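Listing of target-v7.txt; format and content: compact mmCIF, C-alpha atoms.
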```txt
# COMPACT_ATOMS: atom_id res chain seq x y z
CA MET A 14 14.25 -11.80 -3.30
CA ALA A 15 13.52 -8.11 -2.79
CA SER A 16 13.49 -5.69 0.15
CA HIS A 17 11.24 -2.61 -0.06
CA GLY A 18 11.05 -3.20 -3.81
CA VAL A 19 14.84 -3.12 -4.20
CA ALA A 20 16.27 -6.31 -5.72
CA ARG A 21 19.10 -7.96 -3.83
CA ALA A 22 22.20 -8.97 -5.71
CA ALA A 23 22.97 -12.70 -5.82
CA THR A 24 25.47 -13.72 -3.13
CA THR A 25 26.25 -17.29 -4.23
CA ILE A 26 29.26 -17.43 -6.54
CA GLN A 27 31.72 -20.11 -7.60
CA ARG A 28 35.01 -19.97 -5.65
CA THR A 29 38.46 -21.09 -6.72
CA GLU A 30 40.44 -23.57 -4.66
CA GLN A 31 42.62 -20.75 -3.38
CA GLU A 32 39.58 -18.78 -2.29
CA LEU A 33 38.17 -21.79 -0.49
CA LYS A 34 41.47 -22.26 1.37
CA GLU A 35 41.44 -18.60 2.36
CA GLU A 36 37.89 -18.97 3.59
CA GLN A 37 38.85 -21.99 5.69
CA LYS A 38 41.72 -19.99 7.15
CA GLN A 39 39.36 -17.17 8.09
CA ILE A 40 36.93 -19.62 9.67
CA GLN A 41 39.73 -21.09 11.78
CA GLU A 42 40.88 -17.63 12.84
CA TYR A 43 37.31 -16.81 13.82
CA ARG A 44 37.00 -19.96 15.91
CA ASP A 45 40.38 -19.36 17.57
CA LEU A 46 39.30 -15.81 18.47
CA GLU A 47 36.03 -17.10 19.88
CA ASP A 48 37.85 -19.72 21.98
CA LEU A 49 40.31 -17.11 23.27
CA ILE A 50 37.52 -14.79 24.41
CA ASN A 51 35.66 -17.61 26.13
CA ALA A 52 38.82 -18.72 27.93
CA LYS A 53 39.54 -15.23 29.22
CA ILE A 54 35.97 -14.76 30.39
CA VAL A 55 36.11 -18.07 32.27
CA GLU A 56 39.18 -16.63 34.01
CA ARG A 57 37.26 -13.41 34.60
CA GLN A 58 39.74 -11.24 32.83
CA TYR A 59 37.55 -8.17 32.50
CA THR A 60 40.12 -5.99 30.77
CA LEU A 61 40.51 -3.62 27.83
CA GLU A 62 42.45 -6.34 26.02
CA VAL A 63 39.44 -8.68 26.11
CA LEU A 64 37.15 -5.81 25.12
CA GLU A 65 39.29 -5.31 22.01
CA LEU A 66 39.04 -9.02 21.24
CA THR A 67 35.24 -8.84 21.38
CA SER A 68 35.38 -5.80 19.08
CA LYS A 69 37.38 -7.79 16.55
CA LEU A 70 34.89 -10.66 16.66
CA LEU A 71 31.79 -8.48 16.49
CA LYS A 72 33.08 -6.65 13.44
CA LYS A 73 33.10 -10.02 11.73
CA ASN A 74 29.75 -11.18 13.11
CA PRO A 75 27.50 -8.61 14.81
CA GLU A 76 24.71 -11.21 15.08
CA TYR A 77 26.66 -13.07 17.79
CA TYR A 78 24.47 -11.90 20.67
CA THR A 79 26.37 -13.90 23.32
CA ILE A 80 29.45 -11.78 22.67
CA TRP A 81 27.39 -8.61 23.13
CA ASN A 82 26.46 -9.96 26.57
CA VAL A 83 30.14 -10.69 27.24
CA ARG A 84 30.88 -7.09 26.34
CA ARG A 85 28.29 -5.91 28.85
CA ARG A 86 29.96 -7.97 31.57
CA LEU A 87 33.36 -6.56 30.70
CA LEU A 88 32.07 -3.03 31.14
CA ILE A 89 29.94 -3.55 34.24
CA TYR A 90 32.34 -5.68 36.25
CA GLY A 91 35.67 -4.57 34.92
CA LEU A 92 35.99 -1.36 32.99
CA PHE A 93 33.28 0.70 34.60
CA SER A 94 33.69 1.10 38.36
CA LYS A 95 33.83 -2.26 40.14
CA PRO A 96 30.72 -3.37 42.04
CA SER A 97 30.99 -2.88 45.74
CA GLY A 98 31.64 -5.69 48.20
CA SER A 99 30.60 -9.26 47.41
CA SER A 100 28.39 -8.33 44.48
CA SER A 101 31.41 -8.60 42.16
CA PRO A 102 31.71 -11.87 40.22
CA SER A 103 35.49 -11.49 40.28
CA LYS A 104 37.51 -13.81 42.52
CA GLU A 105 39.50 -10.82 43.72
CA SER A 106 37.18 -8.16 45.06
CA GLN A 107 38.67 -4.74 44.39
CA THR A 108 36.53 -1.67 44.93
CA THR A 109 37.51 1.39 42.97
CA THR A 110 36.98 4.65 44.86
CA GLN A 111 37.75 8.31 44.51
CA THR A 112 40.81 7.91 46.73
CA ASP A 113 42.55 5.19 44.70
CA THR A 114 41.80 6.54 41.21
CA PRO A 115 43.40 9.81 40.09
CA THR A 116 40.99 12.37 38.64
CA THR A 117 41.21 15.63 36.80
CA ALA A 118 39.52 18.76 38.06
CA SER A 119 36.73 18.38 35.52
CA GLU A 120 36.15 14.77 36.50
CA SER A 121 36.03 15.61 40.19
CA SER A 122 33.48 18.32 39.63
CA SER A 123 31.15 15.87 37.90
CA LEU A 124 31.27 13.16 40.57
CA PRO A 125 27.96 12.49 42.33
CA THR A 126 27.58 13.76 45.86
CA THR A 127 24.66 11.67 47.07
CA GLY A 128 22.68 8.51 46.59
CA THR A 129 23.03 5.26 44.73
CA SER A 130 21.69 4.18 41.40
CA THR A 131 17.97 3.57 41.24
CA ASP A 132 18.61 0.33 39.40
CA SER A 133 21.66 -1.08 41.17
CA SER A 134 20.16 -4.55 41.24
CA THR A 135 20.29 -4.68 37.45
CA THR A 136 23.74 -3.22 36.87
CA PRO A 137 25.56 -3.02 40.22
CA HIS A 138 28.27 -0.42 40.56
CA ASN A 139 30.00 1.63 43.22
CA PRO A 140 28.09 4.91 43.57
CA ALA A 141 31.18 6.66 44.86
CA SER A 142 32.86 6.16 41.51
CA GLN A 143 30.10 6.48 38.95
CA LYS A 144 32.28 8.51 36.60
CA ILE A 145 35.53 6.58 37.00
CA GLY A 146 36.22 3.06 35.81
CA LYS A 147 39.33 0.93 36.14
CA SER A 148 40.62 2.25 32.81
CA GLY A 149 39.59 5.82 32.07
CA THR A 150 36.27 7.50 32.76
CA THR A 151 32.91 5.86 32.30
CA LEU A 152 31.98 8.68 29.93
CA ASP A 153 35.05 7.98 27.79
CA LEU A 154 34.25 4.28 27.68
CA ILE A 155 30.63 4.89 26.67
CA ARG A 156 31.61 7.39 23.98
CA ALA A 157 34.26 5.05 22.61
CA ASP A 158 31.77 2.18 22.47
CA LEU A 159 29.18 4.33 20.72
CA ASP A 160 31.81 5.32 18.15
CA PHE A 161 32.77 1.67 17.72
CA LEU A 162 29.18 0.74 16.93
CA PHE A 163 28.46 3.37 14.29
CA PRO A 164 30.36 1.94 11.29
CA ILE A 165 29.02 -1.54 12.06
CA MET A 166 25.48 -0.19 12.18
CA MET A 167 25.97 1.49 8.82
CA LYS A 168 27.07 -1.86 7.40
CA PHE A 169 24.42 -3.93 9.22
CA PRO A 170 21.53 -1.46 9.77
CA LYS A 171 18.96 -4.15 10.57
CA CYS A 172 20.89 -6.14 13.16
CA TYR A 173 18.76 -6.27 16.32
CA TRP A 174 21.69 -6.85 18.66
CA LEU A 175 23.47 -3.67 17.56
CA TRP A 176 20.43 -1.51 18.31
CA ASN A 177 19.79 -3.30 21.61
CA TYR A 178 23.37 -2.91 22.77
CA ARG A 179 23.45 0.77 21.83
CA LEU A 180 20.32 1.41 23.90
CA TRP A 181 21.86 -0.48 26.80
CA LEU A 182 24.96 1.74 26.66
CA LEU A 183 22.90 4.90 26.74
CA ARG A 184 20.84 3.63 29.66
CA GLN A 185 24.09 2.96 31.48
CA ALA A 186 24.85 6.63 30.94
CA ASN A 187 21.52 7.47 32.62
CA GLU A 188 22.55 5.44 35.66
CA ARG A 189 26.21 6.40 35.91
CA LEU A 190 26.50 9.97 34.64
CA ASP A 191 25.02 13.34 35.51
CA PRO A 192 21.69 13.95 33.74
CA ASP A 193 23.07 16.84 31.68
CA ILE A 194 25.94 14.69 30.36
CA ALA A 195 23.64 11.75 29.67
CA ARG A 196 21.27 14.07 27.84
CA GLN A 197 24.08 15.20 25.53
CA LEU A 198 24.68 11.58 24.55
CA TRP A 199 21.00 10.95 23.87
CA THR A 200 20.74 14.17 21.84
CA GLY A 201 23.61 12.98 19.67
CA GLU A 202 21.57 9.88 18.88
CA LEU A 203 19.03 11.96 16.97
CA THR A 204 21.82 12.90 14.57
CA LEU A 205 22.88 9.28 14.21
CA VAL A 206 19.39 7.94 13.55
CA GLY A 207 18.84 10.80 11.13
CA LYS A 208 21.82 9.56 9.11
CA MET A 209 20.50 6.01 9.25
CA LEU A 210 17.10 7.10 7.97
CA VAL A 211 18.67 9.15 5.19
CA LYS A 212 20.38 5.97 4.06
CA ASP A 213 17.14 3.96 4.31
CA SER A 214 14.10 6.04 5.22
CA ARG A 215 11.99 2.91 5.71
CA ASN A 216 14.29 1.09 8.15
CA PHE A 217 11.85 0.19 10.92
CA HIS A 218 14.76 -0.45 13.31
CA GLY A 219 15.77 3.17 12.87
CA TRP A 220 12.23 4.46 13.37
CA GLY A 221 11.77 2.34 16.49
CA TYR A 222 15.11 3.53 17.85
CA ARG A 223 14.15 7.15 17.18
CA ARG A 224 10.95 6.70 19.21
CA MET A 225 12.98 5.38 22.14
CA VAL A 226 15.52 8.20 21.92
CA VAL A 227 12.78 10.84 21.85
CA SER A 228 11.05 9.17 24.80
CA GLU A 229 14.27 9.39 26.83
CA LEU A 230 14.88 13.01 25.85
CA GLU A 231 11.33 13.85 26.98
CA SER A 232 11.74 12.07 30.32
CA LYS A 233 11.95 13.83 33.69
CA LYS A 234 15.21 12.12 34.58
CA LEU A 235 16.90 13.96 31.71
CA ASN A 236 15.07 17.22 32.44
CA GLY A 237 13.20 16.82 29.19
CA LYS A 238 10.14 18.42 27.67
CA SER A 239 7.69 17.42 24.97
CA MET A 240 9.10 16.96 21.47
CA VAL A 241 5.80 16.09 19.82
CA GLU A 242 5.77 19.21 17.61
CA THR A 243 9.27 18.64 16.21
CA GLU A 244 8.61 14.93 15.72
CA PHE A 245 5.39 15.65 13.85
CA GLU A 246 7.31 18.06 11.60
CA TYR A 247 9.91 15.32 11.06
CA THR A 248 7.25 12.89 9.80
CA THR A 249 6.01 15.57 7.40
CA LYS A 250 9.55 16.04 6.10
CA MET A 251 10.07 12.30 5.63
CA ILE A 252 6.71 11.81 3.93
CA HIS A 253 7.54 14.50 1.40
CA GLY A 254 11.03 13.09 0.82
CA GLN A 255 12.09 10.55 -1.77
CA ASN A 256 9.81 7.48 -1.61
CA GLY A 257 8.25 9.06 1.47
CA LEU A 258 4.66 8.41 0.50
CA SER A 259 5.34 4.67 0.60
CA ASN A 260 7.05 4.90 4.00
CA PHE A 261 4.99 2.74 6.39
CA SER A 262 7.03 3.83 9.41
CA ALA A 263 6.63 7.55 8.78
CA TRP A 264 2.86 7.26 8.37
CA HIS A 265 2.62 5.03 11.45
CA ARG A 266 4.67 7.43 13.56
CA ARG A 267 2.47 10.30 12.40
CA SER A 268 -0.70 8.45 13.39
CA LYS A 269 0.66 7.86 16.90
CA LEU A 270 1.69 11.49 17.38
CA ILE A 271 -1.55 13.14 16.25
CA PRO A 272 -3.81 12.53 19.31
CA ARG A 273 -1.08 13.74 21.67
CA LEU A 274 -0.24 16.68 19.41
CA LEU A 275 -3.83 17.92 19.46
CA ASP A 276 -4.14 17.42 23.21
CA GLU A 277 -0.96 19.38 23.90
CA ARG A 278 -2.11 22.18 21.60
CA GLY A 279 -5.38 22.33 23.51
CA ALA A 280 -7.20 22.07 20.18
CA ASP A 281 -10.92 22.78 20.29
CA ASP A 282 -13.53 21.05 18.11
CA SER A 283 -13.18 23.46 15.18
CA VAL A 284 -9.38 23.12 15.14
CA ARG A 285 -9.66 19.34 15.25
CA ARG A 286 -12.16 19.35 12.39
CA GLN A 287 -9.81 21.44 10.25
CA PHE A 288 -6.87 19.21 11.20
CA LEU A 289 -8.79 16.12 10.04
CA GLU A 290 -9.67 17.80 6.75
CA ASP A 291 -6.03 18.79 6.21
CA GLU A 292 -4.85 15.23 6.82
CA PHE A 293 -7.45 13.83 4.42
CA GLU A 294 -6.30 16.34 1.82
CA LEU A 295 -2.68 15.30 2.36
CA ILE A 296 -3.29 11.59 1.91
CA ILE A 297 -5.80 11.89 -0.95
CA SER A 298 -3.44 14.21 -2.83
CA ALA A 299 -0.76 11.59 -2.33
CA MET A 300 -3.01 8.88 -3.73
CA TYR A 301 -3.66 10.94 -6.86
CA THR A 302 0.08 11.42 -7.39
CA ASP A 303 1.92 9.09 -9.78
CA SER A 304 1.30 5.47 -8.78
CA TYR A 305 0.34 6.03 -5.16
CA PRO A 306 -3.21 4.68 -5.36
CA TYR A 307 -1.36 1.35 -5.38
CA ALA A 308 0.85 2.08 -2.32
CA GLN A 309 -0.32 0.02 0.65
CA SER A 310 1.27 2.39 3.16
CA ALA A 311 -0.88 5.32 2.01
CA TRP A 312 -4.02 3.22 2.40
CA PHE A 313 -3.02 2.22 5.94
CA TYR A 314 -2.87 5.89 6.91
CA TYR A 315 -6.15 6.55 5.14
CA GLN A 316 -7.65 3.70 7.17
CA PHE A 317 -6.36 5.34 10.36
CA LEU A 318 -8.11 8.60 9.46
CA MET A 319 -11.33 6.76 8.63
CA THR A 320 -11.16 4.94 11.96
CA THR A 321 -11.62 8.33 13.57
CA LEU A 322 -15.07 8.33 11.97
CA THR A 323 -16.14 4.68 11.87
CA ASP A 324 -14.47 3.01 14.86
CA TYR A 325 -13.75 5.75 17.36
CA VAL A 326 -14.62 4.02 20.64
CA GLY A 327 -11.90 2.76 22.98
CA HIS A 328 -8.85 4.59 21.61
CA ALA A 329 -7.46 8.09 21.04
CA THR A 330 -9.06 9.87 18.14
CA ILE A 331 -8.77 13.16 16.27
CA THR A 332 -12.39 14.30 16.69
CA PRO A 333 -13.79 12.77 19.91
CA ASN A 334 -16.75 15.17 20.02
CA PHE A 335 -18.06 14.55 16.51
CA SER A 336 -21.77 13.76 16.44
CA GLN A 337 -23.08 10.76 14.54
CA ASP A 338 -24.31 13.10 11.83
CA ASP A 339 -20.83 14.67 11.56
CA ARG A 340 -19.27 11.25 11.10
CA ALA A 341 -21.84 10.17 8.51
CA GLU A 342 -21.25 13.40 6.58
CA TYR A 343 -17.51 12.75 6.37
CA VAL A 344 -17.91 9.09 5.41
CA THR A 345 -20.38 10.03 2.66
CA ARG A 346 -17.91 12.59 1.34
CA GLN A 347 -15.10 10.03 1.32
CA LEU A 348 -17.22 7.48 -0.55
CA VAL A 349 -17.77 10.04 -3.31
CA ILE A 350 -14.01 10.71 -3.47
CA LEU A 351 -13.22 6.98 -3.63
CA LYS A 352 -15.66 6.44 -6.50
CA ASP A 353 -14.08 9.35 -8.39
CA MET A 354 -10.66 7.87 -7.72
CA LEU A 355 -11.60 4.72 -9.64
CA ASP A 356 -11.56 6.72 -12.87
CA GLY A 357 -8.19 5.79 -14.34
CA ALA A 358 -7.34 3.39 -11.52
CA GLU A 359 -9.83 0.60 -12.21
CA ASP A 360 -7.14 -1.97 -11.45
CA CYS A 361 -6.43 -0.71 -7.92
CA LYS A 362 -7.73 -3.22 -5.40
CA TRP A 363 -7.30 -0.84 -2.45
CA ILE A 364 -10.05 1.44 -3.77
CA TYR A 365 -12.55 -1.41 -4.15
CA ASN A 366 -11.65 -2.73 -0.70
CA ALA A 367 -12.18 0.70 0.88
CA LEU A 368 -15.47 1.24 -0.95
CA ILE A 369 -16.92 -2.01 0.37
CA GLU A 370 -15.61 -1.47 3.91
CA TYR A 371 -16.93 2.07 4.28
CA THR A 372 -20.24 1.43 2.52
CA ILE A 373 -20.93 -1.26 5.11
CA ALA A 374 -19.65 1.02 7.91
CA MET A 375 -22.02 3.76 6.74
CA SER A 376 -25.06 1.48 6.96
CA GLU A 377 -24.01 0.37 10.44
CA MET A 378 -23.54 3.96 11.62
CA GLN A 379 -27.06 4.76 10.45
CA ASP A 380 -28.42 1.47 11.86
CA ARG A 381 -29.96 0.37 8.57
CA LYS A 382 -29.64 -2.27 5.87
CA LEU A 383 -27.76 -1.73 2.65
CA ASP A 384 -30.08 -0.24 0.05
CA ILE A 385 -30.49 -1.83 -3.40
CA GLY A 386 -27.90 0.42 -5.04
CA GLU A 387 -25.32 -0.26 -2.30
CA LYS A 388 -25.88 -4.02 -2.60
CA GLU A 389 -25.28 -3.95 -6.35
CA ASP A 390 -22.19 -1.77 -5.95
CA CYS A 391 -20.69 -4.08 -3.31
CA LYS A 392 -21.28 -7.15 -5.51
CA LEU A 393 -19.54 -5.49 -8.45
CA TRP A 394 -16.62 -4.34 -6.30
CA LEU A 395 -16.17 -7.84 -4.86
CA GLU A 396 -16.12 -9.30 -8.37
CA GLU A 397 -13.34 -6.88 -9.30
CA LEU A 398 -11.38 -7.78 -6.19
CA ARG A 399 -11.55 -11.48 -7.06
CA LYS A 400 -10.18 -10.73 -10.52
CA LEU A 401 -7.43 -8.38 -9.35
CA ASP A 402 -6.22 -10.47 -6.42
CA PRO A 403 -7.27 -14.12 -6.79
CA MET A 404 -4.59 -15.21 -4.32
CA ARG A 405 -6.65 -13.64 -1.53
CA GLY A 406 -9.86 -15.44 -2.39
CA GLY A 407 -10.35 -16.40 1.24
CA ARG A 408 -10.18 -12.76 2.26
CA TRP A 409 -12.85 -11.83 -0.27
CA ASP A 410 -15.00 -14.76 0.89
CA ASP A 411 -14.78 -13.41 4.45
CA LEU A 412 -15.67 -9.93 3.27
CA GLU A 413 -18.69 -11.28 1.41
CA SER A 414 -19.76 -13.25 4.46
CA ALA A 415 -19.40 -10.19 6.65
CA SER A 416 -21.59 -8.34 4.18
CA SER A 417 -24.29 -11.03 4.21
CA ASP A 418 -25.63 -10.91 7.77
CA SER A 419 -29.22 -10.07 8.58
CA ARG A 420 -28.59 -6.36 8.75
CA HIS A 421 -27.12 -5.77 5.29
CA SER A 422 -27.34 -8.91 3.16
CA LEU A 423 -26.10 -8.56 -0.38
CA ASP A 424 -28.63 -11.18 -1.50
CA GLU A 425 -31.81 -9.64 -0.11
```
Can you turn what I pasted into structure tokens?
Amino acid sequence: MASHGVARAATTIQRTEQELKEEQKQIQEYRDLEDLINAKIVERQYTLEVLELTSKLLKKNPEYYTIWNVRRRLLIYGLFSKPSGSSSPSKESQTTTQTDTPTTASESSSLPTTGTSTDSSTTPHNPASQKIGKSGTTLDLIRADLDFLFPIMMKFPKCYWLWNYRLWLLRQANERLDPDIARQLWTGELTLVGKMLVKDSRNFHGWGYRRMVVSELESKKLNGKSMVETEFEYTTKMIHGQNGLSNFSAWHRRSKLIPRLLDERGADDSVRRQFLEDEFELIISAMYTDSYPYAQSAWFYYQFLMTTLTDYVGHATITPNFSQDDRAEYVTRQLVILKDMLDGAEDCKWIYNALIEYTIAMSEMQDRKLDIGEKEDCKLWLEELRKLDPMRGGRWDDLESASSDSRHSLDE
């Protein structure tokens, strides 16, 4: 089995009797630890000791999502400030306030002066003690938990529960800390996700997390401003990095940023036209490099650019004011480029697929049937597709059927 083209090493090996006994011992220790945590939670012991027990268990098995939820409860109802009044699940209701928890001068200066959390129904807490928990400051607890997560994330970079829990922690910071302090934590996440993407530039968890972090940093609650320019530059950097041209996530992120980027720049029609030409040059140059005519990710981005011309209604586009003649001109130019690209890449199915798709799109844009030459070309390209990728025969049948309606029948 392979991941991103990288073969995985076999994990099944023969074990000695001694190794099997050691494994059984570890399993028993794991179960004992699990039972101990559950017992303490039943007793509502929301303490640092139980938090450490969950840390020990999660290092062994970060996929155990129930324990991540236990950890949330420990922080909300025990180690962060206690919920006020009867909202606490604890049998003994103890409300932590500024008067019964000693603070340093720096802590006192950062305490809130007004208001309650805007989301107290989700994570109830005492607004008078947002910064101070039962054991140390909320900021210290959040920072310590973020530090705890990092080595586990490096070991298990595609564990959903790790990413979800980290986001939850940072959103707790939004609720419980001053915006400037919360913003510092979110800013630090850009460094973390940068390290994760250096390790695996195509980790979609990392790319998705980066989008969320940037969204928070741009938000009004954190006094943010647009980061679309820097994020667009980041996609350019990643695309030109090692294996970048085959990076689905980088191309996808770029496609989502472009409409907003042009809007924020206040780009006029001529600037947008030049931008489209530059992006076509970027992707076509990539396709001519090494083996990239065969990289599916590059063709997905190419398809996005072509959608600007062939399927521009109902979504953001690069050139919204292009006339029909403008669009036809660009599609015609791309068809010539695709035919030239076949020279030396006759075994690349993506080129044949694109040629058929955009030949049909061109006839539809001009509200006409396929001419004789186009019909013959499409038949030949479909024959090549069936040879190159027989496993997708159904797909090619559908494409042939789509090409055989009354407007542009291949058999007329």
Write out as a list in words each polymer residue whose atoms come within 6 Å of segment 298-315 of chain A, counting only C-alpha atoms; drop sequence neighbours fewer than 4 positions from it.
Ser259, Phe261 and Glu294 of chain A
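Considering all atoms listed in the file, the residue among A:Phe163, A:Asn366, A:Ile40, A:Asn177 positioned nearest to Thr204 of chain A is A:Phe163.
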Quote the spacing between atom CA of Phe293 of chain A and atom CA of Lys250 of chain A in Å to one decimal place.
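According to the coordinates, atom CA of Phe293 of chain A and atom CA of Lys250 of chain A are separated by 17.2 Å.
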Restricting the calculation to all atoms listed in the file: of A:Thr150, A:Thr60, A:Thr320, A:Gln347, which residue gets closest to Ser268 of chain A?
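Closest to Ser268 of chain A of all the choices is A:Thr320.
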Out of A:Ile155, A:Met166, A:Leu61, A:Val226, which residue has the shortest atom-to-atom distance to Leu190 of chain A when counting all atoms listed in the file?
A:Ile155
Please report the interatomic distance between atom CA of Gln287 of chain A and atom CA of Val241 of chain A in Å with one decimal.
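Atom CA of Val241 of chain A lies at a distance of 19.1 Å from atom CA of Gln287 of chain A.
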Could you state the separation of atom CA of Leu230 of chain A and atom CA of Phe217 of chain A in Å, given to one decimal place?
19.9 Å
Return the single residue from A:Glu202, A:Glu56, A:Asp158, A:Glu342 that is closest to Arg84 of chain A, with distances computed using only C-alpha atoms.
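Using only C-alpha atoms, Arg84 of chain A sits closest to A:Asp158.
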Please, which residues are within 10 Å of (38.0, -14.9, 21.2) by the file's coordinates, counting all atoms listed in the file, and could they come as a ChimeraX atom specification?
/A:42-54,63-70,80
So, with all atoms listed in the file as the atoms that count, which of A:Asp153, A:Lys362, A:Tyr371, A:Tyr59 lies closest to Ile350 of chain A?
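Of A:Asp153, A:Lys362, A:Tyr371, A:Tyr59, the one nearest Ile350 of chain A is A:Tyr371, counting all atoms listed in the file.
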Around (4.9, 17.9, 14.4), as given in the file, which residues come within 12 Å? Count only C-alpha atoms and list them as a count of residues only.
26
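Comparing the minimum interatomic distances between Glu229 of chain A and each of A:Lys168, A:Lys388, A:Arg196, A:Lys34, counting only C-alpha atoms, we find that A:Arg196 sits nearest.
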Just want the 7 Å neighbourhood of segment 324-339 of chain A, counted on only C-alpha atoms, with same-chain residues fewer than 5 positions away dropped. Output as a PyMOL selection string.
chain A and resi 272+282+285-286+289
Give me segment 349-355 of chain A with all heavy atoms filled in, as a short mmCIF file (atom, residue, chain, number, x, y, z; two decimals), keeping the file's coordinate frame.
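Result file rebuild.cif:
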```
data_model
loop_
_atom_site.label_atom_id
_atom_site.label_comp_id
_atom_site.auth_asym_id
_atom_site.auth_seq_id
_atom_site.Cartn_x
_atom_site.Cartn_y
_atom_site.Cartn_z
N VAL A 349 -17.72 9.34 -2.01
CA VAL A 349 -17.77 10.04 -3.31
C VAL A 349 -16.36 10.18 -3.88
O VAL A 349 -16.13 9.94 -5.08
CB VAL A 349 -18.43 11.43 -3.16
CG1 VAL A 349 -18.29 12.23 -4.45
CG2 VAL A 349 -19.90 11.29 -2.77
N ILE A 350 -15.40 10.55 -3.03
CA ILE A 350 -14.01 10.71 -3.47
C ILE A 350 -13.44 9.38 -3.96
O ILE A 350 -12.75 9.32 -4.98
CB ILE A 350 -13.15 11.29 -2.32
CG1 ILE A 350 -13.56 12.74 -2.04
CG2 ILE A 350 -11.66 11.20 -2.66
CD1 ILE A 350 -12.92 13.33 -0.79
N LEU A 351 -13.73 8.31 -3.24
CA LEU A 351 -13.22 6.98 -3.63
C LEU A 351 -13.79 6.54 -4.98
O LEU A 351 -13.07 5.97 -5.81
CB LEU A 351 -13.57 5.96 -2.54
CG LEU A 351 -12.79 6.09 -1.22
CD1 LEU A 351 -13.41 5.19 -0.16
CD2 LEU A 351 -11.31 5.74 -1.41
N LYS A 352 -15.06 6.81 -5.21
CA LYS A 352 -15.66 6.44 -6.50
C LYS A 352 -15.03 7.24 -7.63
O LYS A 352 -14.76 6.71 -8.71
CB LYS A 352 -17.16 6.67 -6.46
CG LYS A 352 -17.91 5.68 -5.57
CD LYS A 352 -19.39 6.02 -5.46
CE LYS A 352 -20.13 5.06 -4.53
NZ LYS A 352 -21.55 5.42 -4.35
N ASP A 353 -14.76 8.52 -7.38
CA ASP A 353 -14.08 9.35 -8.39
C ASP A 353 -12.67 8.84 -8.65
O ASP A 353 -12.17 8.89 -9.79
CB ASP A 353 -14.03 10.81 -7.93
CG ASP A 353 -15.39 11.48 -7.95
OD1 ASP A 353 -16.29 10.94 -8.62
OD2 ASP A 353 -15.55 12.53 -7.30
N MET A 354 -12.04 8.34 -7.61
CA MET A 354 -10.66 7.87 -7.72
C MET A 354 -10.55 6.66 -8.64
O MET A 354 -9.48 6.38 -9.22
CB MET A 354 -10.11 7.54 -6.32
CG MET A 354 -8.60 7.47 -6.22
SD MET A 354 -8.04 7.08 -4.53
CE MET A 354 -8.55 8.55 -3.67
N LEU A 355 -11.61 5.90 -8.76
CA LEU A 355 -11.60 4.72 -9.64
C LEU A 355 -11.36 5.07 -11.10
O LEU A 355 -10.86 4.25 -11.87
CB LEU A 355 -12.93 3.96 -9.52
CG LEU A 355 -13.05 2.90 -8.42
CD1 LEU A 355 -14.43 2.30 -8.45
CD2 LEU A 355 -11.97 1.83 -8.58
#
```
